[in-house]
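Coordinates as given in upload-v2.csv (CSV, C-alpha atoms):
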chain,number,residue,atom,x,y,z
L,237,MET,CA,44.4,-22.9,46.9
L,238,ARG,CA,45.7,-19.4,46.6
L,239,LEU,CA,43.5,-19.0,43.5
L,240,VAL,CA,40.3,-20.0,45.3
L,241,PRO,CA,38.5,-16.8,46.4
L,242,GLN,CA,36.5,-16.5,49.5
L,243,PRO,CA,33.1,-16.6,47.8
L,244,VAL,CA,34.0,-20.0,46.4
L,245,ILE,CA,35.0,-21.3,49.8
L,246,LEU,CA,31.8,-20.0,51.4
L,247,GLY,CA,29.7,-21.6,48.6
L,248,PHE,CA,31.6,-24.9,49.0
L,249,VAL,CA,31.1,-25.0,52.7
L,250,ASN,CA,27.4,-24.0,52.5
L,251,GLY,CA,26.7,-26.6,49.8
L,252,LEU,CA,28.5,-29.3,51.8
L,253,ALA,CA,26.4,-28.3,54.9
L,254,ILE,CA,23.2,-28.7,52.8
L,255,ILE,CA,24.4,-32.1,51.5
L,256,ILE,CA,25.0,-33.3,55.1
L,257,PHE,CA,21.6,-32.1,56.2
L,258,MET,CA,19.7,-33.6,53.2
L,259,SER,CA,21.5,-36.9,53.6
L,260,GLN,CA,19.9,-37.2,57.1
L,261,MET,CA,16.4,-37.0,55.7
L,262,VAL,CA,16.4,-40.6,54.6
L,263,GLN,CA,16.2,-41.5,58.3
L,264,PHE,CA,12.7,-40.1,58.3
L,265,LYS,CA,11.5,-42.4,55.5
L,266,ASP,CA,10.6,-46.1,55.5
L,267,ASP,CA,11.9,-48.8,53.2
L,268,GLN,CA,9.5,-47.8,50.5
L,269,GLY,CA,10.6,-44.2,50.5
L,270,ASN,CA,7.5,-42.8,52.2
L,271,TRP,CA,7.7,-40.4,55.1
L,272,LEU,CA,7.3,-41.9,58.6
L,273,THR,CA,4.1,-41.2,60.4
L,274,ASP,CA,2.5,-41.7,63.8
L,275,SER,CA,4.5,-42.9,66.8
L,276,THR,CA,7.5,-44.0,64.7
L,277,LEU,CA,8.0,-40.4,63.5
L,278,TYR,CA,7.4,-38.9,66.9
L,279,ILE,CA,9.9,-41.2,68.7
L,280,LEU,CA,12.5,-40.5,66.1
L,281,LEU,CA,11.9,-36.7,66.2
L,282,GLY,CA,12.1,-36.7,70.0
L,283,LEU,CA,15.4,-38.6,70.1
L,284,VAL,CA,16.9,-36.4,67.4
L,285,LEU,CA,15.8,-33.2,69.1
L,286,LEU,CA,17.2,-34.5,72.5
L,287,THR,CA,20.5,-35.3,70.8
L,288,MET,CA,20.7,-31.8,69.3
L,289,LEU,CA,19.7,-30.2,72.6
L,290,ILE,CA,22.5,-32.0,74.5
L,291,ILE,CA,25.1,-31.1,71.9
L,292,TRP,CA,24.0,-27.5,72.0
L,293,GLY,CA,23.5,-27.1,75.8
L,294,LEU,CA,26.1,-29.3,77.5
L,295,PRO,CA,29.1,-27.1,76.5
L,296,LYS,CA,27.4,-24.2,78.2
L,297,ILE,CA,27.5,-26.2,81.5
L,298,THR,CA,30.7,-28.1,81.2
L,299,LYS,CA,33.3,-29.1,78.6
L,300,ILE,CA,34.8,-32.0,80.6
L,301,ILE,CA,32.7,-34.5,78.6
L,302,PRO,CA,32.5,-34.1,74.8
L,303,SER,CA,28.9,-33.1,74.1
L,304,SER,CA,28.6,-35.3,71.0
L,305,LEU,CA,29.7,-38.4,73.0
L,306,ALA,CA,27.4,-37.5,75.9
L,307,ALA,CA,24.4,-37.1,73.6
L,308,ILE,CA,25.0,-40.5,72.0
L,309,LEU,CA,25.4,-42.2,75.4
L,310,VAL,CA,22.3,-40.6,76.8
L,311,VAL,CA,20.1,-41.5,73.8
L,312,PHE,CA,21.6,-45.0,73.7
L,313,ALA,CA,20.7,-45.5,77.4
L,314,ILE,CA,17.2,-44.2,77.0
L,315,VAL,CA,16.6,-46.5,74.0
L,316,PHE,CA,18.3,-49.6,75.5
L,317,PHE,CA,16.9,-49.4,79.1
L,318,GLY,CA,13.5,-48.0,78.0
L,319,GLY,CA,13.0,-50.7,75.4
L,320,ILE,CA,12.1,-48.2,72.8
L,321,ASP,CA,11.6,-49.6,69.3
L,322,THR,CA,13.7,-47.4,66.9
L,323,GLN,CA,16.2,-48.0,64.2
L,324,THR,CA,19.8,-48.7,65.1
L,325,VAL,CA,23.1,-48.8,63.2
L,326,GLY,CA,22.8,-52.6,63.0
L,327,ASP,CA,19.5,-52.3,61.2
L,328,MET,CA,21.1,-50.3,58.5
L,329,ALA,CA,24.2,-52.4,57.9
L,330,SER,CA,26.8,-54.4,59.7
L,331,ILE,CA,30.1,-52.5,60.4
L,332,LYS,CA,32.0,-55.6,61.6
L,333,GLY,CA,35.2,-56.3,59.7
L,334,GLY,CA,38.8,-57.4,60.0
L,335,PHE,CA,42.2,-56.1,59.1
L,336,PRO,CA,42.5,-56.3,55.3
L,337,PRO,CA,45.2,-58.4,53.8
L,338,PHE,CA,47.8,-57.1,51.4
L,339,ASN,CA,46.6,-57.5,47.9
L,340,ILE,CA,47.8,-56.3,44.4
L,341,PRO,CA,44.7,-55.6,42.2
L,342,ASP,CA,44.1,-58.3,39.7
L,343,ILE,CA,43.9,-56.1,36.6
L,344,ALA,CA,45.8,-55.8,33.3
L,345,PHE,CA,48.6,-53.3,33.6
L,346,THR,CA,48.0,-51.8,30.1
L,347,PHE,CA,47.4,-48.4,28.6
L,348,GLU,CA,43.8,-49.3,28.0
L,349,THR,CA,43.3,-50.0,31.7
L,350,LEU,CA,45.0,-46.7,32.6
L,351,ALA,CA,42.8,-44.8,30.1
L,352,LEU,CA,39.7,-46.3,31.7
L,353,ILE,CA,40.7,-45.6,35.2
L,354,PHE,CA,42.5,-42.3,35.0
L,355,PRO,CA,39.5,-39.9,34.4
L,356,TYR,CA,37.7,-41.3,37.5
L,357,ALA,CA,40.9,-41.3,39.5
L,358,ALA,CA,41.7,-37.7,38.6
L,359,ILE,CA,38.2,-36.6,39.6
L,360,VAL,CA,38.3,-38.5,42.9
L,361,ALA,CA,41.8,-37.1,43.6
L,362,GLY,CA,40.7,-33.6,42.8
L,363,VAL,CA,37.7,-33.8,45.0
L,364,GLY,CA,39.7,-35.3,47.8
L,365,LEU,CA,42.4,-32.6,47.6
L,366,ILE,CA,40.0,-29.7,47.3
L,367,GLU,CA,37.9,-30.9,50.3
L,368,SER,CA,41.0,-31.6,52.4
L,369,LEU,CA,42.7,-28.2,51.7
L,370,LEU,CA,39.4,-26.3,52.2
L,371,THR,CA,38.9,-28.2,55.4
L,372,LEU,CA,42.5,-27.2,56.4
L,373,ASN,CA,41.8,-23.6,55.7
L,374,ILE,CA,38.6,-23.6,57.7
L,375,ILE,CA,40.3,-25.3,60.7
L,376,ASP,CA,43.2,-22.8,60.5
L,377,GLU,CA,40.7,-20.0,60.8
L,378,ILE,CA,38.9,-21.5,63.8
L,379,THR,CA,42.1,-22.5,65.6
L,380,GLU,CA,44.1,-19.4,64.5
L,381,THR,CA,47.0,-21.7,63.3
L,382,ARG,CA,48.6,-22.4,60.0
L,383,GLY,CA,48.7,-25.9,58.6
L,384,SER,CA,50.9,-27.3,55.8
L,385,GLY,CA,48.8,-27.9,52.7
L,386,ASN,CA,51.8,-29.6,50.9
L,387,ARG,CA,52.3,-32.0,53.8
L,388,GLU,CA,48.6,-32.8,53.9
L,389,SER,CA,48.5,-33.5,50.1
L,390,VAL,CA,51.5,-35.7,50.2
L,391,ALA,CA,50.3,-37.6,53.2
L,392,GLN,CA,46.9,-38.1,51.8
L,393,GLY,CA,48.3,-39.3,48.5
L,394,LEU,CA,50.6,-41.8,50.1
L,395,ALA,CA,47.8,-43.1,52.4
L,396,ASN,CA,45.4,-43.6,49.5
L,397,ILE,CA,48.0,-45.4,47.4
L,398,THR,CA,48.8,-47.7,50.4
L,399,SER,CA,45.0,-48.2,51.0
L,400,GLY,CA,44.7,-49.5,47.4
L,401,PHE,CA,47.1,-52.3,48.1
L,402,PHE,CA,44.8,-53.4,51.0
L,403,SER,CA,41.6,-53.4,49.0
L,404,GLY,CA,40.6,-50.1,50.5
L,405,MET,CA,39.0,-47.0,49.1
L,406,GLY,CA,40.5,-43.6,48.8
L,407,GLY,CA,39.7,-41.0,51.5
L,408,CYS,CA,40.2,-37.4,52.5
L,409,ALA,CA,39.7,-34.9,55.3
L,410,MET,CA,36.0,-34.3,56.1
L,411,ILE,CA,34.7,-31.0,57.3
L,412,GLY,CA,32.0,-32.6,59.4
L,413,GLN,CA,34.3,-34.9,61.4
L,414,SER,CA,36.9,-32.2,61.7
L,415,LEU,CA,34.4,-29.7,63.1
L,416,ILE,CA,33.2,-32.3,65.6
L,417,ASN,CA,36.8,-32.9,66.6
L,418,ILE,CA,37.6,-29.2,66.9
L,419,SER,CA,34.3,-28.4,68.7
L,420,ASN,CA,35.2,-30.9,71.4
L,421,GLY,CA,38.5,-29.2,72.2
L,422,ALA,CA,41.0,-31.0,69.9
L,423,ARG,CA,43.9,-29.0,68.8
L,424,ALA,CA,46.8,-31.4,68.2
L,425,ARG,CA,47.5,-34.0,65.5
L,426,LEU,CA,47.1,-36.7,68.1
L,427,SER,CA,43.4,-36.2,68.1
L,428,GLY,CA,43.1,-37.3,64.5
L,429,ILE,CA,45.3,-40.3,65.1
L,430,VAL,CA,43.2,-41.4,68.1
L,431,ALA,CA,40.0,-41.0,66.0
L,432,ALA,CA,41.5,-43.2,63.2
L,433,VAL,CA,42.7,-45.9,65.6
L,434,MET,CA,39.5,-46.0,67.6
L,435,LEU,CA,37.5,-46.3,64.3
L,436,LEU,CA,39.6,-49.3,63.5
L,437,VAL,CA,39.0,-50.8,67.0
L,438,PHE,CA,35.3,-50.3,66.7
L,439,ILE,CA,35.2,-52.1,63.3
L,440,MET,CA,37.4,-55.0,64.4
L,441,PHE,CA,36.3,-55.5,68.0
L,442,GLY,CA,33.4,-53.3,69.0
L,443,ALA,CA,31.0,-53.7,66.1
L,444,ASN,CA,28.3,-55.5,68.2
L,445,LEU,CA,28.2,-52.5,70.6
L,446,ILE,CA,28.3,-49.8,67.9
L,447,GLU,CA,25.5,-51.5,66.0
L,448,GLN,CA,23.2,-51.0,68.9
L,449,VAL,CA,23.6,-47.2,68.8
L,450,PRO,CA,20.3,-45.6,67.7
L,451,MET,CA,20.3,-43.9,64.3
L,452,ALA,CA,18.4,-41.0,65.8
L,453,ALA,CA,21.5,-40.1,67.9
L,454,LEU,CA,23.7,-40.1,64.8
L,455,THR,CA,21.1,-38.2,62.8
L,456,GLY,CA,20.8,-35.5,65.5
L,457,LEU,CA,24.6,-35.3,65.6
L,458,MET,CA,25.0,-34.9,61.8
L,459,ILE,CA,22.2,-32.2,61.7
L,460,MET,CA,24.2,-30.2,64.3
L,461,VAL,CA,27.3,-30.7,62.2
L,462,SER,CA,25.5,-29.3,59.2
L,463,ILE,CA,24.2,-26.4,61.2
L,464,GLY,CA,27.8,-25.7,62.5
L,465,THR,CA,29.3,-26.2,59.0
L,466,PHE,CA,27.0,-23.7,57.3
L,467,GLU,CA,28.5,-20.2,57.2
L,468,TRP,CA,25.5,-18.2,58.5
L,469,ALA,CA,27.5,-15.0,58.4
L,470,SER,CA,27.6,-15.3,54.6
L,471,LEU,CA,23.8,-14.6,54.5
L,472,ARG,CA,24.3,-11.2,56.2
L,473,THR,CA,26.8,-10.1,53.5
L,474,PHE,CA,24.3,-10.3,50.6
L,475,LYS,CA,23.7,-6.5,50.6
L,476,ARG,CA,27.4,-5.7,51.3
L,477,MET,CA,29.3,-8.0,49.0
L,478,PRO,CA,29.7,-7.3,45.3
L,479,GLN,CA,27.0,-8.9,43.2
L,480,SER,CA,29.6,-10.9,41.3
L,481,ASP,CA,30.8,-12.5,44.5
L,482,ILE,CA,27.2,-13.2,45.6
L,483,ILE,CA,26.5,-14.9,42.3
L,484,VAL,CA,29.7,-17.0,42.6
L,485,MET,CA,28.9,-18.0,46.2
L,486,VAL,CA,25.3,-19.0,45.3
L,487,LEU,CA,26.3,-20.9,42.2
L,488,VAL,CA,29.0,-22.9,43.9
L,489,THR,CA,26.5,-23.7,46.7
L,490,VAL,CA,23.8,-24.9,44.2
L,491,ILE,CA,26.3,-27.0,42.2
L,492,THR,CA,27.7,-28.6,45.3
L,493,ALA,CA,24.3,-29.3,46.9
L,494,VAL,CA,22.5,-30.4,43.7
L,495,LEU,CA,25.1,-32.2,41.6
L,496,HIS,CA,27.3,-33.3,44.6
L,497,ASN,CA,30.3,-32.6,42.4
L,498,LEU,CA,32.6,-30.7,44.7
L,499,ALA,CA,35.5,-30.4,42.2
L,500,LEU,CA,33.3,-29.1,39.4
L,501,ALA,CA,31.7,-26.6,41.8
L,502,VAL,CA,35.0,-25.2,42.9
L,503,LEU,CA,36.4,-25.2,39.4
L,504,ILE,CA,33.4,-23.3,38.0
L,505,GLY,CA,33.5,-20.8,40.9
L,506,VAL,CA,37.2,-20.1,40.3
L,507,ILE,CA,36.7,-19.6,36.6
L,508,ILE,CA,33.8,-17.2,37.0
L,509,ALA,CA,35.7,-15.3,39.7
L,510,ALA,CA,38.8,-15.0,37.5
L,511,LEU,CA,36.7,-13.8,34.5
L,512,VAL,CA,35.0,-11.2,36.7
L,513,PHE,CA,38.4,-10.1,38.0
L,514,ALA,CA,39.7,-9.8,34.4
L,515,TRP,CA,36.6,-7.9,33.3
L,516,ASP,CA,36.9,-5.4,36.2
L,517,ASN,CA,40.6,-4.8,35.5
L,518,ALA,CA,40.0,-4.5,31.8
L,519,LYS,CA,37.8,-1.5,32.4
L,520,ARG,CA,40.4,0.2,34.6
L,521,ILE,CA,43.0,0.9,32.0
L,522,ARG,CA,43.3,4.6,31.1
L,523,ALA,CA,45.7,7.0,29.5
L,524,ARG,CA,46.7,10.6,30.4
L,525,LYS,CA,47.8,12.5,27.4
L,526,MET,CA,50.3,15.4,27.4
L,527,MET,CA,52.7,17.3,25.1
L,528,ASP,CA,56.3,18.1,26.2
L,529,GLU,CA,58.4,21.1,25.2
L,530,ASP,CA,60.0,19.1,22.3
L,531,GLY,CA,56.7,18.4,20.7
L,532,ALA,CA,56.5,14.8,21.6
L,533,LYS,CA,53.2,13.4,22.8
L,534,HIS,CA,53.1,11.3,26.0
L,535,TYR,CA,50.6,8.6,26.8
L,536,GLN,CA,50.9,7.8,30.5
L,537,ILE,CA,49.2,4.4,30.8
L,538,TYR,CA,47.4,3.4,34.1
L,539,GLY,CA,46.3,-0.2,34.7
L,540,PRO,CA,47.5,-3.6,33.5
L,541,LEU,CA,47.7,-4.2,29.7
L,542,PHE,CA,46.5,-7.8,29.1
L,543,PHE,CA,44.0,-9.7,26.9
L,544,GLY,CA,41.0,-8.1,28.5
L,545,SER,CA,42.1,-4.5,28.2
L,546,ILE,CA,43.7,-4.3,24.8
L,547,ALA,CA,40.5,-3.2,23.1
L,548,ALA,CA,40.2,-0.1,25.4
L,549,PHE,CA,44.0,0.4,25.0
L,550,ASN,CA,43.8,0.6,21.2
L,551,GLU,CA,41.1,3.2,21.4
L,552,LYS,CA,43.4,5.6,23.3
L,553,PHE,CA,45.6,6.5,20.3
L,554,ASP,CA,45.2,8.7,17.3
L,555,PRO,CA,48.0,8.0,14.8
L,556,GLN,CA,46.8,10.4,12.1
L,557,ASN,CA,46.8,13.5,14.3
L,558,ASP,CA,49.6,12.7,16.7
L,559,PRO,CA,53.1,14.3,16.2
L,560,GLU,CA,56.2,12.6,14.8
L,561,LEU,CA,57.3,11.2,18.2
L,562,VAL,CA,54.9,9.3,20.5
L,563,ILE,CA,56.1,8.1,23.9
L,564,ILE,CA,54.0,5.4,25.8
L,565,ASP,CA,54.8,5.5,29.5
L,566,PHE,CA,54.3,2.3,31.5
L,567,GLU,CA,55.5,3.6,34.9
L,568,GLU,CA,52.0,2.9,36.3
L,569,SER,CA,51.2,-0.1,34.1
L,570,ARG,CA,52.6,-3.5,33.1
L,571,VAL,CA,52.7,-5.6,29.9
L,572,VAL,CA,51.2,-8.8,31.1
L,573,ASP,CA,50.8,-11.3,28.3
L,574,MET,CA,51.2,-12.1,24.6
L,575,SER,CA,47.9,-10.3,23.8
L,576,ALA,CA,49.4,-7.1,25.2
L,577,ILE,CA,52.5,-7.6,23.1
L,578,GLU,CA,50.4,-8.0,20.0
L,579,ALA,CA,48.5,-4.9,20.8
L,580,LEU,CA,51.7,-2.9,21.1
L,581,ASN,CA,52.9,-4.3,17.8
L,582,LYS,CA,49.7,-3.2,16.1
L,583,VAL,CA,49.8,0.3,17.7
L,584,THR,CA,53.4,0.6,16.6
L,585,GLU,CA,52.6,-0.6,13.1
L,586,ARG,CA,49.8,2.0,12.8
L,587,TYR,CA,52.2,4.8,13.7
L,588,ARG,CA,54.9,3.4,11.4
L,589,LYS,CA,52.5,3.5,8.4
L,590,GLN,CA,52.1,7.2,9.2
L,591,GLY,CA,55.9,7.6,9.2
L,592,LYS,CA,56.0,8.2,13.0
L,593,THR,CA,58.0,6.7,15.8
L,594,VAL,CA,56.7,5.1,19.0
L,595,ARG,CA,58.9,4.6,22.1
L,596,LEU,CA,58.0,2.7,25.2
L,597,ARG,CA,59.3,4.1,28.5
L,598,HIS,CA,59.5,2.9,32.1
L,599,LEU,CA,59.2,-0.8,31.3
L,600,SER,CA,60.1,-3.2,34.1
L,601,PRO,CA,62.7,-5.9,33.4
L,602,ASP,CA,60.0,-8.6,33.2
L,603,CYS,CA,58.1,-6.5,30.7
L,604,GLN,CA,61.3,-6.0,28.6
L,605,LYS,CA,61.8,-9.7,28.6
L,606,LEU,CA,58.3,-10.2,27.2
L,607,LEU,CA,59.0,-7.6,24.5
L,608,HIS,CA,62.4,-8.8,23.3
L,609,ASN,CA,60.8,-10.5,20.3
L,610,ALA,CA,59.3,-7.2,19.2
L,611,ASP,CA,62.5,-5.1,19.6
L,612,LYS,CA,62.9,-4.8,15.8
L,613,ILE,CA,59.6,-2.9,15.6
L,614,ILE,CA,59.5,-1.1,18.8
L,615,ASP,CA,62.2,1.3,20.0
L,616,VAL,CA,62.3,0.6,23.8
L,617,ASN,CA,63.6,3.4,26.0
L,618,ILE,CA,64.9,1.8,29.2
L,619,GLU,CA,66.0,5.0,31.0
L,620,LYS,CA,64.6,5.8,34.4
L,621,ASP,CA,62.9,2.4,34.7
L,622,PRO,CA,61.2,2.0,38.1
L,623,SER,CA,62.3,-0.6,40.5
L,624,TYR,CA,59.7,-3.3,40.7
L,625,LYS,CA,59.5,-5.5,43.8
L,626,VAL,CA,58.4,-8.9,42.8
L,627,MET,CA,57.4,-11.5,45.3
L,628,VAL,CA,59.6,-14.6,45.2
L,629,ASP,CA,59.4,-18.0,46.9
L,630,VAL,CA,61.8,-18.2,49.8
Could you take the file, read its structure, and then write that structure out as structure tokens?
Amino acid sequence: MRLVPQPVILGFVNGLAIIIFMSQMVQFKDDQGNWLTDSTLYILLGLVLLTMLIIWGLPKITKIIPSSLAAILVVFAIVFFGGIDTQTVGDMASIKGGFPPFNIPDIAFTFETLALIFPYAAIVAGVGLIESLLTLNIIDEITETRGSGNRESVAQGLANITSGFFSGMGGCAMIGQSLINISNGARARLSGIVAAVMLLVFIMFGANLIEQVPMAALTGLMIMVSIGTFEWASLRTFKRMPQSDIIVMVLVTVITAVLHNLALAVLIGVIIAALVFAWDNAKRIRARKMMDEDGAKHYQIYGPLFFGSIAAFNEKFDPQNDPELVIIDFEESRVVDMSAIEALNKVTERYRKQGKTVRLRHLSPDCQKLLHNADKIIDVNIEKDPSYKVMVDV
């Protein structure tokens, strides 16, 4: 998650908000897929708007009662006691169920079965982890706390494995439910446990009651969730953010909303952001040239030397016109990868063909380690090497 930049997170959240909103539009269509008309549409719109109004306005008056719960109860009472004919949860599907028995899947435990299942399992696991960890980041920002991504990942994996032995489906954290929980004042882990236990109670014992809840109340609730999920502040940064970040954010939003492939959207966003970062850093490498009193020419390199900057690096040198001794100073630079090593080898070889010597100066220990395979070609001067402070895991 450290490699996921902020534009990708914003695009992911905005795309998810659009998905939540668009998924509610089916409630405004009939069984044939046509948009509702006349009194059926007006009743549904009225109940949805009333739900949204209660969720928006009740917290401004009191927070003793969760606004989402109050909205559902009020709309339920209006529909039930007013005898209003509108669609309920029971009209969509029955949620009644029981506790699932332990069951080992009846499949052949062979490599062919694994090859068939693994690609889909990896995609589902990737989507679940990405959504859970992004949700954790967003909740951390709202609550100004710091959650444990490793603990979340391990717990989710163990829970999904256990669920499979009870004929259950895999699951993950959901931004919508988490925002509802947080917006109603939840701050401790107990709130999530209560939500899970009560969901189990509703399915096993309270299905008949829940099935009478109007779909309009749930539709209004989810629309408010989508409005709360969308990062409206991101729209105000269009003229202030770098164009590359805006492109990444919009692209991730579109892929998330259109393809509904959250893992692919985040992966593409991270790749594009990484390539843009590499391109920007590739243009920043430069060299200051100077001659010392002994007639040696110094190239003081600034910026990282890696695969993206080697072309510009090679253009800095003039083997034919340079003196017998050339010193390349890396005090303000670093040799990052194998492409950089190959570039140094080529530069050294160009000077060697002219009968001249190249020395590298001020290499950090990690750079020297990368170059140990090239020490027969390059004369490395390790005097006055700077002290590099490298971040390590504690």
### Message
I'd like the interatomic distance between CA of Pro540 (chain L) and CA of Ile521 (chain L), to a tenth of an Å.
### Response
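We find that CA of Pro540 (chain L) and CA of Ile521 (chain L) lie 6.5 Å from each other.
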### Task
May I have the residues at most 10 Å from (44.3, 2.1, 23.4) in the file's coordinates, counting only C-alpha atoms, as a ChimeraX atom specification?
/L:521-523,535,537,541,545-554,579-580,583
Keeping only C-alpha atoms, write the selected residues to a file as a tab-separated table (two decimals), in the coordinates of the input.
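Writing done, so here's selection33.tsv:
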chain	number	residue	atom	x	y	z
L	521	ILE	CA	43.00	0.90	32.00
L	522	ARG	CA	43.30	4.60	31.10
L	523	ALA	CA	45.70	7.00	29.50
L	535	TYR	CA	50.60	8.60	26.80
L	537	ILE	CA	49.20	4.40	30.80
L	541	LEU	CA	47.70	-4.20	29.70
L	545	SER	CA	42.10	-4.50	28.20
L	546	ILE	CA	43.70	-4.30	24.80
L	547	ALA	CA	40.50	-3.20	23.10
L	548	ALA	CA	40.20	-0.10	25.40
L	549	PHE	CA	44.00	0.40	25.00
L	550	ASN	CA	43.80	0.60	21.20
L	551	GLU	CA	41.10	3.20	21.40
L	552	LYS	CA	43.40	5.60	23.30
L	553	PHE	CA	45.60	6.50	20.30
L	554	ASP	CA	45.20	8.70	17.30
L	579	ALA	CA	48.50	-4.90	20.80
L	580	LEU	CA	51.70	-2.90	21.10
L	583	VAL	CA	49.80	0.30	17.70
### Test item: residues at most 8 Å from Val484 (chain L), only C-alpha atoms, excluding those fewer than 3 positions along its chain, as a PyMOL selection string
chain L and resi 243-244+247+480-481+487-488+505+508-509
Restrict the selected residues to C-alpha atoms and save them as an mmCIF file, keeping the file's coordinate frame.
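New file selection_6.cif:
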data_model
loop_
_atom_site.group_PDB
_atom_site.id
_atom_site.type_symbol
_atom_site.label_atom_id
_atom_site.label_comp_id
_atom_site.auth_asym_id
_atom_site.auth_seq_id
_atom_site.Cartn_x
_atom_site.Cartn_y
_atom_site.Cartn_z
ATOM 1 C CA PRO L 243 33.100 -16.600 47.800
ATOM 2 C CA VAL L 244 34.000 -20.000 46.400
ATOM 3 C CA GLY L 247 29.700 -21.600 48.600
ATOM 4 C CA SER L 480 29.600 -10.900 41.300
ATOM 5 C CA ASP L 481 30.800 -12.500 44.500
ATOM 6 C CA LEU L 487 26.300 -20.900 42.200
ATOM 7 C CA VAL L 488 29.000 -22.900 43.900
ATOM 8 C CA GLY L 505 33.500 -20.800 40.900
ATOM 9 C CA ILE L 508 33.800 -17.200 37.000
ATOM 10 C CA ALA L 509 35.700 -15.300 39.700
#
#### Entry: Best match for closeness to Leu435 (chain L) among L:Pro478, L:Gly334, L:Gly406, L:Gly421, counting all atoms listed in the file
L:Gly334
### Task
Go ahead and compute the interatomic distance for CA of Gly464 (chain L) and CA of Ile416 (chain L), in Å to one decimal.
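Spanning CA of Gly464 (chain L) to CA of Ile416 (chain L) is a straight-line distance of 9.1 Å.
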### Message
Quick check, in Å to one decimal: how far apart do CA of Gly251 (chain L) and CA of Phe466 (chain L) lie?
### Response
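Distance reported for this atom pair: 8.0 Å.
Closest approach to Trp515 (chain L) from the set L:Leu436, L:Gly544, L:Leu285, L:Ile397 is made by L:Gly544, with distances taken over only C-alpha atoms.
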### Task
Kindly indicate which residue among L:Ser575, L:Gly412, L:Ala532, L:Leu454 lies nearest to Ile254 (chain L), using all atoms listed in the file for the distances.
L:Gly412
### Task
Using all atoms listed in the file, find the one residue out of L:Ser384, L:Leu498, L:Val572, L:Ile564 that sits nearest to Met527 (chain L).
L:Ile564
### Message
Excluding Ile366 (chain L) and its own-chain neighbours fewer than 6 positions away, which residues fall within 9 Å of it when counting all atoms listed in the file? Please give them as a PyMOL selection string.
### Response
chain L and resi 237+498-499+502
### Query
Can you find the residues with an atom no farther than 10 Å from (37.4, -25.7, 73.6), counting only C-alpha atoms, and report them as a PyMOL selection string?
chain L and resi 295+299-300+302+379+418-423
